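Participant: This is the structure I have questions about; it appears just below.
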2 protein chains.
Amino acid sequence: MREKNILLGHGSGGKLTHSLIKELFFKYFENPVLLQQCDSAILGVSEGRLAFTTDAYVIDPLFFPGGNIGKLAVCGTVNDLAVSGAVPLYISAAFIIEEGFPIKELEEIVSAMADEAKKAGVQVVAGDTKVVNKGQCDKVFINTSGIGIVEEKHEHISSGSKLEAGDKVIISGSIARHGMAIMAVRNFGTFKTDIQSDCACLNHLVQEVLSSGARVKFMRDATRGGLATVICEITQHTGLGAEIREEAVPIDENVRGMCELLGFDPFYVANEGTVVMVAHPDDADAIVAAMKKNHLGKGAAVVGELVADHPGKAILQTAIGGNRIMDMLAGEQLPRIC
Amino acid sequence: MREKNILLGHGSGGKLTHSLIKELFFKYFENPVLLQQCDSAILGVSEGRLAFTTDAYVIDPLFFPGGNIGKLAVCGTVNDLAVSGAVPLYISAAFIIEEGFPIKELEEIVSAMADEAKKAGVQVVAGDTKVVNKGQCDKVFINTSGIGIVEEKHEHISSGSKLEAGDKVIISGSIARHGMAIMAVRNFGTFKTDIQSDCACLNHLVQEVLSSGARVKFMRDATRGGLATVICEITQHTGLGAEIREEAVPIDENVRGMCELLGFDPFYVANEGTVVMVAHPDDADAIVAAMKKNHLGKGAAVVGELVADHPGKAILQTAIGGNRIMDMLAGEQLPRIC
C-alpha cells in the first residue's frame, strides 16, 4: 500500500478498502475460505454441537510486554471456546480503526493475530473493517468471534451442571500477570519491568487435560475480575460454597511486588492465559501433572475446593490463618485491560 | 438499574457488569442459550454447511429515520447470512460503550435489536460489553457476528461460481434510501425529511425467492458503496461484463432530490435492506414477482444483465442514451454510514 496511515477511505467499501483487505489482511490471514470474499464464510464442520462466542477488545496500550491487541483478541476468543470444552476452529476479526492510525502498527497487530491463530490451529475466515474520524475512537478496537465443536461428552463443562461439593479447584499458572504487565506500562511507560502478560491460547493445554480422561467439570479463563470473580461466578451459579487457600495460589514475586506497589489485590487482577478448572477430587493431581507437561501450565496447582458449607459464598483462607469473603468487584479496577 | 448513565464499572466484569447483563441484555434477549451465561453459547445445528459472518457498526447518528444502530446491527448480519444462501439462526452482540452514555438510549438500542431479531427469527446467544473512558469512542459501537445453515443446493450462491453471460440482475427495491436518510439527519438535523432508511432484515424475502425454485446464482445486499460497488465486485470476480439500465433502477423521488441537493450519485449510496440478485434469465420475472409479494420487495425490478462483452467492466446505460463505466469508489463518500 502506498499510504502510511489509515484514511477514512480505507473503511468506505471501495477501492482503498479492497486494497487494505488484499494487501494486508489476506497477506496474513490467507486461507481458502477467507479468499472467497463472500458475505459469509461457508464452513464445513464435523459432528457435534457448536460453541459460539464473541468479545470486543479495547485494551490500552495496544502493545504490551507479552503481546498486543491482536494476539490478545485471538487468545481471548480461542480461550472462551476452549474453556467451554470446545475445539476452536474458526474465528472472525472486525476492526474499528481511527483515521490516521499507522498502517505499520496495524500490520504488526494483524501479523500477531495470524501467528497466534496458526499456533492455536484456528482459521480467520470472516472480517470487517470500519474507519472512524480522528478522535472518535482510541486507535484500534478489535472484535473477534469464534466457532468451535464440542464433543457430547464435554457438553456439561460449559454449564458446570455436574459441579458438586468436594470438587477441587485447579489453576494453570501464576495469577495477575496480564493486569500487572499493563499497569506497569501505564505507570512507568518505557521503564522496563520484567513482568510479561500471560496472554496465550490455552486450547492445546485444555485438550491435553481433557484427552487424559480427567473428570473436568467446569473451566473458565480468569480474565477481567481475575481468579476471585471466577470463583464467585461458580458459587453464585451453583449455590455451593468455595474455599481457596491463599498460600496455594501461585503468584510470581515481581507481580506480587507490583500489586503491593500499586495497591491491587492480585486475586482480582486480569489474566489472559490462565485457566481455572474444577474437577473430581480424585483427578486433581493428574490434571496438575497434565498441565505441567505444557509450557503454559508449569505453575499449575490445586488451590481449593467446593464445599457444602456457606452456600453461595467464596472464602479465602489467608496466609496468616484468617478467613475473608471473596466478593465480585463493585466498581472498575482497571479500565481497558482487555 | 439505579444508574442513569453508563459507568466504567459496567465494563469491569464485576457487579455492575452482571447487573447490566441481567437487567438490560437478558430482559430483551431472553433465550435459554444466552441465560446459561457460559463463555461460549452451545448450539444445536441441523445438517448442512455453516455460514459465519461478522460486522462492526459505527453509524453516526445512532438514531435515524427508519431505525437505530441496534436494528442496523441485527439487519446487517442477518442480511450477510441471507445473501449467502443461508438461513440465519444465531447472532452475537458485542458493545463498546462510552462512559456516560445514557442507559435509556442503550435500552432503546437493545430493544430494537431484540424486536428485529424476533422478526428475523434469530436468537442472540452470545455477547460482550466493554466500556471505555469518555472521549475514547463515540457513544456506542456494536459488533454482531452471525451463524446460519446453508443447504447444499444453495452453496454455490455465496461464491457466485455459476454466474454466466446472459444472467439477469434484479434489485429488490428503490436504492440509496439508507444513505440519504442518514445524510438528511446529518445535514438538516431535526428538520424532518420524509426519507426513511430501508434498514430491514431480508432473510424472509430471500427464502421466499429461493423456495420458489428460481435459479438464483448470486446475491449481495448493496450496503457501503451501493449498487455500483456490488456490480463492480461481480464483474471483477467473474471477469464478465455487466450492463445496467439507469432508467430501470428504482429510485424514490425524494431520495433522488436529496442526492441532487447534496451532490451524491445514488448508485454509490448505501442501502441496508435492499438485495441484488443475479439469476438465470428465464427466472428473472418470477423472482421479481416473488419479491413483490413481500412488503420489502414492492419496488423489485430487473435492472440489467451480465454480458460477455467488455470483460470485467460494468457499464451504466444512462437515461439520455449514453454509456458510463461504473467503477469502485476511490475514496470515502460517507464515513460512518453503517
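Each chain in the C-alpha cells gets a letter, A, B, ..., in the order shown, and its residues are numbered from 1; ligands are numbered from 1 in order too.
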Skipping near chain neighbours, those fewer than 3 positions away, what residues fall within 9 Å of segment 230-244 of chain B using only C-alpha atoms, listed as a tab-separated table (two decimals) with C-alpha atoms, in the first residue's frame?
Facilitator:
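As written to disk, around11.tsv reads:
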```tsv
chain	number	residue	atom	x	y	z
B	160	GLY	CA	-21.19	-16.90	-7.49
B	161	SER	CA	-19.46	-19.83	-9.17
B	163	LEU	CA	-22.61	-16.87	-12.92
B	164	GLU	CA	-22.54	-16.57	-16.72
B	165	ALA	CA	-23.24	-14.11	-19.51
B	169	VAL	CA	-29.53	-8.52	-12.43
B	218	PHE	CA	-25.62	-14.84	-6.65
B	220	ARG	CA	-25.48	-9.45	-2.23
B	221	ASP	CA	-27.04	-6.68	-0.16
B	222	ALA	CA	-25.96	-3.35	-1.59
B	223	THR	CA	-24.54	-1.72	1.58
B	225	GLY	CA	-20.56	1.57	-1.84
B	226	GLY	CA	-24.12	0.97	-3.04
B	227	LEU	CA	-25.43	-0.86	-6.09
B	247	GLU	CA	-33.88	4.03	-16.14
B	248	ALA	CA	-34.73	0.57	-14.83
B	249	VAL	CA	-33.19	1.18	-11.40
B	276	VAL	CA	-29.16	-7.54	-5.59
B	303	VAL	CA	-32.13	-3.66	-13.90
B	304	GLY	CA	-29.60	-5.22	-16.24
B	305	GLU	CA	-27.61	-8.29	-17.15
B	306	LEU	CA	-24.20	-9.90	-17.26
B	307	VAL	CA	-22.56	-9.90	-20.70
B	308	ALA	CA	-19.58	-11.45	-22.46
B	309	ASP	CA	-18.59	-8.03	-23.88
B	310	HIS	CA	-16.18	-5.66	-22.10
B	311	PRO	CA	-14.99	-8.34	-19.64
B	312	GLY	CA	-14.50	-7.17	-16.07
B	313	LYS	CA	-16.21	-3.84	-16.75
B	314	ALA	CA	-19.60	-2.59	-15.57
B	315	ILE	CA	-21.39	-0.19	-17.91
B	316	LEU	CA	-24.25	2.08	-16.94
B	317	GLN	CA	-26.56	2.82	-19.86
B	318	THR	CA	-27.74	6.29	-18.93
B	326	MET	CA	-19.13	2.22	-13.20
B	327	ASP	CA	-16.02	1.84	-11.08
B	328	MET	CA	-15.50	1.32	-7.39
```
Participant: Please identify every residue of chain B that has at least one atom no more than 7 Å from any atom of chain A, counting only C-alpha atoms, and report them as a PyMOL selection string.
Facilitator: chain B and resi 8-9+12-16+36+38-44+49-56+80-81+84+92+94+126-128+130+132+136-138+143+145+158-159+224-225+328-333+335-336
Participant: Please dump the current selection as a CSV table (one decimal), in the first residue's frame; keep C-alpha atoms.
Facilitator:
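Dumped everything to again-v2.csv:
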```csv
chain,number,residue,atom,x,y,z
B,8,LEU,CA,-16.6,2.4,33.6
B,9,GLY,CA,-17.6,-0.2,36.2
B,12,SER,CA,-15.4,-4.3,34.7
B,13,GLY,CA,-16.7,-7.8,34.6
B,14,GLY,CA,-17.8,-7.3,38.2
B,15,LYS,CA,-21.1,-6.5,40.0
B,16,LEU,CA,-22.1,-3.6,37.7
B,36,GLN,CA,-26.8,-20.1,30.7
B,38,CYS,CA,-21.3,-19.6,29.5
B,39,ASP,CA,-18.1,-18.4,27.9
B,40,SER,CA,-19.5,-19.8,24.6
B,41,ALA,CA,-23.0,-20.5,23.5
B,42,ILE,CA,-23.5,-24.2,22.9
B,43,LEU,CA,-25.8,-24.6,19.8
B,44,GLY,CA,-27.6,-27.3,18.1
B,49,ARG,CA,-22.8,-26.3,6.0
B,50,LEU,CA,-22.3,-23.4,8.2
B,51,ALA,CA,-22.3,-19.7,7.2
B,52,PHE,CA,-20.4,-17.3,9.5
B,53,THR,CA,-20.1,-13.6,9.2
B,54,THR,CA,-19.1,-10.5,11.3
B,55,ASP,CA,-19.7,-6.8,11.1
B,56,ALA,CA,-18.8,-3.7,13.2
B,80,ASP,CA,-25.0,-11.1,5.1
B,81,LEU,CA,-26.1,-14.6,6.1
B,84,SER,CA,-25.0,-16.2,1.2
B,92,SER,CA,-23.7,-12.5,18.9
B,94,ALA,CA,-20.7,-7.1,21.4
B,126,ALA,CA,-23.6,-14.6,22.9
B,127,GLY,CA,-22.5,-11.1,23.9
B,128,ASP,CA,-19.8,-8.9,25.4
B,130,LYS,CA,-16.8,-3.1,27.1
B,132,VAL,CA,-14.2,3.0,27.5
B,136,GLN,CA,-12.3,7.3,23.7
B,137,CYS,CA,-15.1,6.2,21.5
B,138,ASP,CA,-18.1,8.0,20.0
B,143,ASN,CA,-20.4,-5.8,16.6
B,145,SER,CA,-21.5,-11.9,14.2
B,158,SER,CA,-22.1,-17.2,-2.0
B,159,SER,CA,-19.2,-17.7,-4.3
B,224,ARG,CA,-21.4,0.5,1.7
B,225,GLY,CA,-20.6,1.6,-1.8
B,328,MET,CA,-15.5,1.3,-7.4
B,329,LEU,CA,-15.4,4.3,-5.1
B,330,ALA,CA,-11.8,5.7,-4.9
B,331,GLY,CA,-12.2,7.5,-1.6
B,332,GLU,CA,-14.7,7.7,1.3
B,333,GLN,CA,-18.1,9.1,0.3
B,335,PRO,CA,-18.0,8.0,6.7
B,336,ARG,CA,-19.8,6.1,9.4
```
Participant: According to DSSP computed on the backbone, where in segment 82-327 of chain A is there alpha helix (DSSP H)? Give the residues as a PyMOL selection string.
Facilitator: chain A and resi 82+103-120+155-159+177-188+203-211+226-238+253-262+284-292
Participant: Report, in Å with one decimal, the straight-line distance from atom CA of Met277 of chain B to atom CA of Cys259 of chain B.
Facilitator: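 Separation of atom CA of Met277 of chain B and atom CA of Cys259 of chain B: 24.3 Å.
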Participant: For segment 207-210 of chain A, work out the shell of residues within 8 Å, counting only C-alpha atoms and skipping chain neighbours fewer than 2 positions away, then give it as JSON, numbers by chain.
Facilitator: {"A": [82, 87, 203, 204, 205, 212, 213, 214, 215, 216, 287, 290, 291]}
Participant: Please extract the residues of segment 28-76 of chain A with a backbone DSSP assignment of strand (DSSP E or B) and present them as a list in words.
Facilitator: Ala41, Ile42, Leu43, Arg49, Leu50, Ala51, Phe52, Thr53, Thr54, Asp55, Ala56, Tyr57, Phe63, Phe64, Gly67 and Asn68 of chain A
Participant: For Phe29 of chain A, list every protein, DNA or RNA residue within 12 Å, evaluated using only C-alpha atoms, and leave out those in the same chain fewer than 4 positions away; present the list as a PyMOL selection string.
Facilitator: chain A and resi 21-25+33-35+90-93+107+109-118+122-127
Participant: Please produce a file of the residues just selected, as a PDB file, in the first residue's frame, where the atoms kept are N, CA and C atoms.
Facilitator:
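Dumped everything to part20.pdb:
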```pdb
ATOM      1  N   ILE A  21      -7.697  -4.886   2.326  1.00  0.00           N
ATOM      2  CA  ILE A  21      -8.042  -6.298   2.537  1.00  0.00           C
ATOM      3  C   ILE A  21      -7.031  -7.193   1.829  1.00  0.00           C
ATOM      4  N   LYS A  22      -6.762  -6.862   0.575  1.00  0.00           N
ATOM      5  CA  LYS A  22      -5.888  -7.750  -0.204  1.00  0.00           C
ATOM      6  C   LYS A  22      -4.442  -7.655   0.236  1.00  0.00           C
ATOM      7  N   GLU A  23      -3.975  -6.429   0.489  1.00  0.00           N
ATOM      8  CA  GLU A  23      -2.542  -6.254   0.734  1.00  0.00           C
ATOM      9  C   GLU A  23      -2.143  -6.446   2.192  1.00  0.00           C
ATOM     10  N   LEU A  24      -3.101  -6.344   3.078  1.00  0.00           N
ATOM     11  CA  LEU A  24      -2.740  -6.562   4.492  1.00  0.00           C
ATOM     12  C   LEU A  24      -3.425  -7.809   5.057  1.00  0.00           C
ATOM     13  N   PHE A  25      -4.755  -7.809   5.074  1.00  0.00           N
ATOM     14  CA  PHE A  25      -5.444  -8.907   5.759  1.00  0.00           C
ATOM     15  C   PHE A  25      -5.213 -10.254   5.068  1.00  0.00           C
ATOM     16  N   VAL A  33     -11.094 -20.170   2.574  1.00  0.00           N
ATOM     17  CA  VAL A  33     -12.432 -19.664   2.916  1.00  0.00           C
ATOM     18  C   VAL A  33     -12.453 -18.147   2.857  1.00  0.00           C
ATOM     19  N   LEU A  34     -11.467 -17.516   3.479  1.00  0.00           N
ATOM     20  CA  LEU A  34     -11.420 -16.058   3.515  1.00  0.00           C
ATOM     21  C   LEU A  34     -11.229 -15.484   2.115  1.00  0.00           C
ATOM     22  N   LEU A  35     -10.393 -16.146   1.325  1.00  0.00           N
ATOM     23  CA  LEU A  35     -10.070 -15.627  -0.006  1.00  0.00           C
ATOM     24  C   LEU A  35     -11.278 -15.628  -0.943  1.00  0.00           C
ATOM     25  N   TYR A  90     -12.760 -21.810  13.925  1.00  0.00           N
ATOM     26  CA  TYR A  90     -12.804 -20.625  13.062  1.00  0.00           C
ATOM     27  C   TYR A  90     -13.006 -19.366  13.890  1.00  0.00           C
ATOM     28  N   ILE A  91     -12.352 -18.284  13.478  1.00  0.00           N
ATOM     29  CA  ILE A  91     -12.656 -17.008  14.117  1.00  0.00           C
ATOM     30  C   ILE A  91     -12.880 -15.918  13.070  1.00  0.00           C
ATOM     31  N   SER A  92     -13.610 -14.902  13.483  1.00  0.00           N
ATOM     32  CA  SER A  92     -13.794 -13.704  12.671  1.00  0.00           C
ATOM     33  C   SER A  92     -13.022 -12.574  13.336  1.00  0.00           C
ATOM     34  N   ALA A  93     -12.702 -11.552  12.556  1.00  0.00           N
ATOM     35  CA  ALA A  93     -11.964 -10.403  13.088  1.00  0.00           C
ATOM     36  C   ALA A  93     -12.541  -9.130  12.487  1.00  0.00           C
ATOM     37  N   GLU A 107      -0.228  -3.525  10.752  1.00  0.00           N
ATOM     38  CA  GLU A 107       0.382  -4.745  10.228  1.00  0.00           C
ATOM     39  C   GLU A 107       0.985  -5.591  11.351  1.00  0.00           C
ATOM     40  N   ILE A 109      -0.082  -5.754  14.351  1.00  0.00           N
ATOM     41  CA  ILE A 109      -1.221  -6.341  15.065  1.00  0.00           C
ATOM     42  C   ILE A 109      -1.782  -7.530  14.290  1.00  0.00           C
ATOM     43  N   VAL A 110      -1.967  -7.323  12.992  1.00  0.00           N
ATOM     44  CA  VAL A 110      -2.542  -8.377  12.147  1.00  0.00           C
ATOM     45  C   VAL A 110      -1.591  -9.571  12.076  1.00  0.00           C
ATOM     46  N   SER A 111      -0.309  -9.270  11.990  1.00  0.00           N
ATOM     47  CA  SER A 111       0.683 -10.340  11.915  1.00  0.00           C
ATOM     48  C   SER A 111       0.692 -11.167  13.213  1.00  0.00           C
ATOM     49  N   ALA A 112       0.550 -10.502  14.347  1.00  0.00           N
ATOM     50  CA  ALA A 112       0.481 -11.230  15.624  1.00  0.00           C
ATOM     51  C   ALA A 112      -0.772 -12.102  15.682  1.00  0.00           C
ATOM     52  N   MET A 113      -1.875 -11.589  15.124  1.00  0.00           N
ATOM     53  CA  MET A 113      -3.116 -12.386  15.093  1.00  0.00           C
ATOM     54  C   MET A 113      -2.910 -13.652  14.270  1.00  0.00           C
ATOM     55  N   ALA A 114      -2.250 -13.470  13.120  1.00  0.00           N
ATOM     56  CA  ALA A 114      -2.033 -14.614  12.230  1.00  0.00           C
ATOM     57  C   ALA A 114      -1.133 -15.649  12.897  1.00  0.00           C
ATOM     58  N   ASP A 115      -0.066 -15.185  13.549  1.00  0.00           N
ATOM     59  CA  ASP A 115       0.849 -16.103  14.257  1.00  0.00           C
ATOM     60  C   ASP A 115       0.103 -16.903  15.316  1.00  0.00           C
ATOM     61  N   GLU A 116      -0.686 -16.172  16.098  1.00  0.00           N
ATOM     62  CA  GLU A 116      -1.364 -16.814  17.223  1.00  0.00           C
ATOM     63  C   GLU A 116      -2.428 -17.784  16.727  1.00  0.00           C
ATOM     64  N   ALA A 117      -3.131 -17.389  15.655  1.00  0.00           N
ATOM     65  CA  ALA A 117      -4.159 -18.271  15.087  1.00  0.00           C
ATOM     66  C   ALA A 117      -3.517 -19.556  14.583  1.00  0.00           C
ATOM     67  N   LYS A 118      -2.355 -19.402  13.962  1.00  0.00           N
ATOM     68  CA  LYS A 118      -1.648 -20.574  13.443  1.00  0.00           C
ATOM     69  C   LYS A 118      -1.251 -21.515  14.585  1.00  0.00           C
ATOM     70  N   VAL A 122      -6.443 -22.348  14.481  1.00  0.00           N
ATOM     71  CA  VAL A 122      -7.732 -21.818  14.026  1.00  0.00           C
ATOM     72  C   VAL A 122      -7.521 -20.963  12.777  1.00  0.00           C
ATOM     73  N   GLN A 123      -8.576 -20.841  11.983  1.00  0.00           N
ATOM     74  CA  GLN A 123      -8.503 -20.010  10.781  1.00  0.00           C
ATOM     75  C   GLN A 123      -9.355 -18.756  10.950  1.00  0.00           C
ATOM     76  N   VAL A 124      -8.827 -17.637  10.480  1.00  0.00           N
ATOM     77  CA  VAL A 124      -9.612 -16.401  10.442  1.00  0.00           C
ATOM     78  C   VAL A 124     -10.391 -16.417   9.131  1.00  0.00           C
ATOM     79  N   VAL A 125     -11.705 -16.603   9.203  1.00  0.00           N
ATOM     80  CA  VAL A 125     -12.472 -16.844   7.981  1.00  0.00           C
ATOM     81  C   VAL A 125     -13.450 -15.725   7.634  1.00  0.00           C
ATOM     82  N   ALA A 126     -13.596 -14.734   8.472  1.00  0.00           N
ATOM     83  CA  ALA A 126     -14.524 -13.637   8.178  1.00  0.00           C
ATOM     84  C   ALA A 126     -13.977 -12.381   8.821  1.00  0.00           C
ATOM     85  N   GLY A 127     -14.260 -11.228   8.213  1.00  0.00           N
ATOM     86  CA  GLY A 127     -13.723  -9.997   8.770  1.00  0.00           C
ATOM     87  C   GLY A 127     -14.507  -8.780   8.353  1.00  0.00           C
TER      88      GLY A 127
END
```
Participant: Excluding Phe267 of chain B and its own-chain neighbours fewer than 2 positions away, which residues fall within 8 Å of it when counting only C-alpha atoms? Please give them as a list in words.
Facilitator: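 So, after excluding close chain neighbours, the residues are Ile175, Ala176, Gly226, Leu227, Ala228, Asp265 and Val269 of chain B.
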Participant: Between atom CA of Met180 of chain B and atom CA of Arg245 of chain B, what distance in Å does the model show, to one decimal?
Facilitator: 21.7 Å
Participant: Excluding Asn187 of chain B and residues on its chain fewer than 5 positions from it, collect all residues at most 12 Å away from it, counting only C-alpha atoms, and give them as a PyMOL selection string.
Facilitator: chain B and resi 61+180-182+192-193+258+261-262
Participant: Quick one: residues within 10 Å of Gly66 of chain A, only C-alpha atoms counted, chain neighbours fewer than 2 positions away excluded, as a VMD selection string?
Facilitator: chain A and resid 63 to 64 68 71 to 72 177 to 178 181 to 182 195 to 200
